[in-house]
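What's in model_29.csv: CSV, C-alpha atoms
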chain,number,residue,atom,x,y,z
A,28,MET,CA,103.0,96.4,109.8
A,29,LEU,CA,103.6,92.7,110.4
A,30,ASN,CA,104.4,93.1,114.0
A,31,ASN,CA,100.8,94.2,114.8
A,32,LEU,CA,99.1,91.8,112.4
A,33,ALA,CA,99.1,88.7,114.7
A,34,PRO,CA,97.7,90.4,117.9
A,35,VAL,CA,95.0,92.2,115.9
A,36,ALA,CA,94.1,89.0,114.0
A,37,LYS,CA,94.0,87.1,117.4
A,38,SER,CA,91.7,89.7,118.9
A,39,LEU,CA,89.3,89.7,115.9
A,40,LEU,CA,89.2,85.9,115.8
A,41,GLU,CA,88.4,85.8,119.5
A,42,LYS,CA,85.6,88.4,119.0
A,43,GLY,CA,84.3,86.1,116.3
A,44,GLY,CA,84.1,83.2,118.8
A,45,PHE,CA,87.3,81.3,117.9
A,46,LYS,CA,89.6,79.9,120.5
A,47,VAL,CA,93.1,81.2,119.6
A,48,ASP,CA,96.4,79.7,120.9
A,49,MET,CA,98.9,82.1,119.3
A,50,HIS,CA,102.6,81.2,119.1
A,51,SER,CA,105.3,83.6,118.2
A,52,MET,CA,108.2,81.9,116.4
A,53,ASP,CA,111.0,82.5,114.0
A,54,TRP,CA,110.5,81.9,110.3
A,55,GLN,CA,112.4,78.6,110.2
A,56,THR,CA,110.2,77.1,112.8
A,57,LEU,CA,107.0,78.3,111.0
A,58,VAL,CA,108.3,76.9,107.7
A,59,ALA,CA,108.9,73.5,109.4
A,60,ARG,CA,105.6,73.5,111.2
A,61,ARG,CA,103.3,74.7,108.4
A,62,ALA,CA,104.3,71.6,106.3
A,63,LYS,CA,102.8,69.3,108.9
A,64,LYS,CA,99.3,68.1,108.3
A,65,ASP,CA,98.9,66.9,111.9
A,66,PRO,CA,96.4,68.6,114.2
A,67,PRO,CA,97.8,71.4,116.4
A,68,THR,CA,97.9,69.1,119.4
A,69,ALA,CA,100.5,67.0,117.5
A,70,GLY,CA,102.6,69.9,116.3
A,71,GLY,CA,100.4,70.9,113.3
A,72,TRP,CA,98.5,74.2,112.9
A,73,ASN,CA,95.3,75.7,111.7
A,74,ALA,CA,96.4,79.2,110.4
A,75,PHE,CA,99.4,81.4,110.0
A,76,LEU,CA,100.0,84.9,109.0
A,77,THR,CA,102.4,86.1,106.3
A,78,SER,CA,102.7,88.7,103.6
A,79,TRP,CA,103.4,88.9,99.9
A,80,VAL,CA,104.6,91.7,97.7
A,81,ALA,CA,102.3,92.9,94.9
A,82,ALA,CA,104.3,91.3,92.2
A,83,ASP,CA,103.7,87.9,93.7
A,84,ILE,CA,99.9,88.3,93.7
A,85,LEU,CA,99.1,90.2,90.5
A,86,ASN,CA,98.2,87.2,88.5
A,87,PRO,CA,95.8,84.5,89.8
A,88,VAL,CA,97.8,81.8,88.2
A,89,MET,CA,101.0,82.8,90.0
A,90,MET,CA,99.3,83.7,93.3
A,91,GLY,CA,100.2,80.7,95.5
A,92,PHE,CA,97.4,81.2,97.9
A,93,LEU,CA,94.8,80.8,95.1
A,94,ASN,CA,96.0,77.4,94.3
A,95,ALA,CA,93.3,74.9,95.3
A,96,SER,CA,94.8,71.7,93.8
A,97,CYS,CA,94.6,69.6,97.0
A,98,ASP,CA,98.0,68.0,97.9
A,99,LYS,CA,99.7,70.2,95.3
A,100,ALA,CA,98.3,73.4,96.8
A,101,MET,CA,99.8,75.8,99.3
A,102,PHE,CA,99.9,74.9,103.0
A,103,GLY,CA,96.4,74.3,104.2
A,104,TRP,CA,95.9,72.2,101.0
A,105,PRO,CA,92.6,73.6,99.8
A,106,CYS,CA,90.9,71.4,97.3
A,107,ASP,CA,88.4,72.9,94.9
A,108,LYS,CA,87.9,72.0,91.2
A,109,ASP,CA,85.9,75.2,90.5
A,110,ILE,CA,88.8,77.5,91.6
A,111,GLU,CA,91.3,75.4,89.6
A,112,GLY,CA,89.0,75.6,86.6
A,113,LEU,CA,89.0,79.4,86.8
A,114,ARG,CA,92.7,79.5,87.2
A,115,ASP,CA,93.1,77.3,84.1
A,116,ALA,CA,90.7,79.4,82.1
A,117,PHE,CA,92.6,82.6,83.1
A,118,ALA,CA,95.9,81.0,82.0
A,119,ARG,CA,94.5,80.0,78.6
A,120,GLU,CA,92.7,83.3,77.9
A,121,THR,CA,94.6,85.8,75.8
A,122,ASN,CA,92.0,88.6,75.8
A,123,PRO,CA,92.7,90.9,78.9
A,124,ALA,CA,89.0,91.9,79.2
A,125,LYS,CA,88.0,88.3,79.3
A,126,GLN,CA,90.8,87.5,81.8
A,127,LYS,CA,89.5,90.3,84.0
A,128,HIS,CA,86.0,88.8,83.9
A,129,ILE,CA,87.4,85.3,84.8
A,130,ALA,CA,89.4,86.8,87.7
A,131,GLU,CA,86.4,88.6,89.1
A,132,ALA,CA,84.5,85.3,89.1
A,133,GLY,CA,87.2,83.8,91.2
A,134,PRO,CA,87.2,83.1,95.0
A,135,GLY,CA,86.2,85.8,97.4
A,136,ALA,CA,84.9,86.2,100.9
A,137,GLY,CA,82.2,83.7,101.9
A,138,ASP,CA,83.3,81.1,99.4
A,139,PRO,CA,82.8,77.5,100.6
A,140,VAL,CA,86.5,76.7,100.1
A,141,PRO,CA,88.6,79.7,101.2
A,142,THR,CA,92.2,79.4,100.1
A,143,HIS,CA,93.3,82.4,102.2
A,144,ILE,CA,91.9,85.5,104.0
A,145,ARG,CA,93.2,88.9,103.1
A,146,SER,CA,93.7,90.8,106.4
A,147,ALA,CA,95.5,94.0,105.3
A,148,SER,CA,97.3,95.8,102.6
A,149,GLY,CA,99.8,98.6,102.8
A,150,THR,CA,102.7,100.3,101.1
A,151,GLY,CA,106.2,100.9,102.4
A,152,PRO,CA,107.8,104.3,102.8
A,153,PHE,CA,109.5,105.8,99.7
A,154,ALA,CA,111.5,109.0,99.4
A,155,LEU,CA,113.5,110.6,96.6
A,156,ARG,CA,115.8,113.6,96.5
A,157,LYS,CA,114.6,116.5,94.4
A,158,ASN,CA,117.4,115.9,91.8
A,159,VAL,CA,116.3,112.4,91.0
A,160,GLU,CA,113.7,111.7,88.2
A,161,GLY,CA,112.5,109.0,86.0
A,162,VAL,CA,111.4,106.5,88.8
A,163,LEU,CA,108.9,104.1,87.3
A,164,GLU,CA,105.8,103.2,89.3
A,165,ALA,CA,105.7,99.4,89.6
A,166,PRO,CA,104.7,96.7,92.1
A,167,VAL,CA,108.4,96.2,92.9
A,168,THR,CA,111.4,98.6,93.1
A,169,LEU,CA,113.0,99.2,89.7
A,170,PHE,CA,116.5,100.5,89.4
A,171,TRP,CA,116.5,101.6,85.8
A,172,ASN,CA,115.3,104.7,83.9
A,173,ILE,CA,116.5,106.9,86.8
A,174,THR,CA,118.5,110.0,86.2
A,175,LYS,CA,120.1,112.7,88.3
A,176,LYS,CA,119.5,116.3,87.4
As structure tokens:
Amino acid sequence: MLNNLAPVAKSLLEKGGFKVDMHSMDWQTLVARRAKKDPPTAGGWNAFLTSWVAADILNPVMMGFLNASCDKAMFGWPCDKDIEGLRDAFARETNPAKQKHIAEAGPGAGDPVPTHIRSASGTGPFALRKNVEGVLEAPVTLFWNITKK
């Protein structure tokens, strides 16, 4: 899925009127470059594509790309006190129904300070033999509760 993400994103951005200078690179180069706050002409960047597993993004407090605490935020360094207030309220709330309401009030498409843009979602292939049972559905692979008939 990730192999096609960059060319599709480039095409869509260009259709939206953006000038895109796409660079393919290994992960180590991206990690070094994304930490630079310089403009692209000086080795910095404007956007990069990556993916996270569901377990990393289930909770708005733990989801790195929702962090909008300026210099302490993820790369791109979004700065928005309203987003941070919602994340703080979510963390302090113990009632799941109220947490859901707070999460739904959080950032979305069209917000003035976007922390990230969700471009795709997907699942990986999964197969089991007929004699295996007890596999638990979870956002990550679990290796317990499994039995062989």
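Using only C-alpha atoms, the residues found no farther than 12 Å from stretch 114-126 of chain A, other than those of its own chain fewer than 3 positions away, are Asn86, Pro87, Val88, Met89, Met90, Gly91, Phe92, Leu93, Asn94, Ala95, Ser96, Asp107, Lys108, Asp109, Ile110, Glu111, Ile129, Ala130, Glu131, Ala132, Gly133 and Pro134 of chain A.
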Distance criterion (all atoms listed in the file): nearest to A:Thr168 out of A:Phe45, A:Phe153, A:Trp54, A:Trp104: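 Using all atoms listed in the file, the shortest distance to A:Thr168 belongs to A:Phe153.
Coordinates place atom CA of A:Val47 at a distance of 21.2 Å from atom CA of A:Pro105.
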Neighbours of point (105.0, 89.0, 106.4) within 10 Å, using all atoms listed in the file, written as a PyMOL selection string: chain A and resi 28-30+32+54+76-80
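Nearest residue to A:His143 among A:Gly103, A:Lys46, A:Asn31, A:Pro66 is A:Gly103, counting all atoms listed in the file.
Taking atom CA of A:Thr174 and atom CA of A:Lys157 as endpoints, the distance between them is 11.2 Å.
Of note, atom CA of A:Gly151 and atom CA of A:Pro166 are spaced 11.2 Å apart.
Of the listed residues A:Ser51, A:Glu164, A:Ala100, A:Phe75, the one whose atoms come nearest to A:Ser146 is A:Phe75, with distances taken using only C-alpha atoms.
Excluding A:Gly161 itself and any same-chain residue fewer than 6 positions from it, the protein and nucleic acid residues within 12 Å of it, counting all atoms listed in the file, are Leu155, Leu169, Phe170, Trp171, Asn172, Ile173, Thr174, Lys175 and Lys176 of chain A.
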Nearest to A:Lys127 by atom-to-atom distance, counting all atoms listed in the file, from A:Val58, A:Val35, A:Leu85, A:Ala165: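 Ranking A:Val58, A:Val35, A:Leu85, A:Ala165 by distance to A:Lys127, first place goes to A:Leu85.
Distances here use all atoms listed in the file; by that measure, the residue among A:Ala74, A:Val159, A:Lys64, A:Leu57 closest to A:Lys37 is A:Ala74.
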Pick from A:Met49, A:Cys106, A:Ala59, A:Leu39, whichever lies nearest to A:Thr142 using all atoms listed in the file: A:Cys106
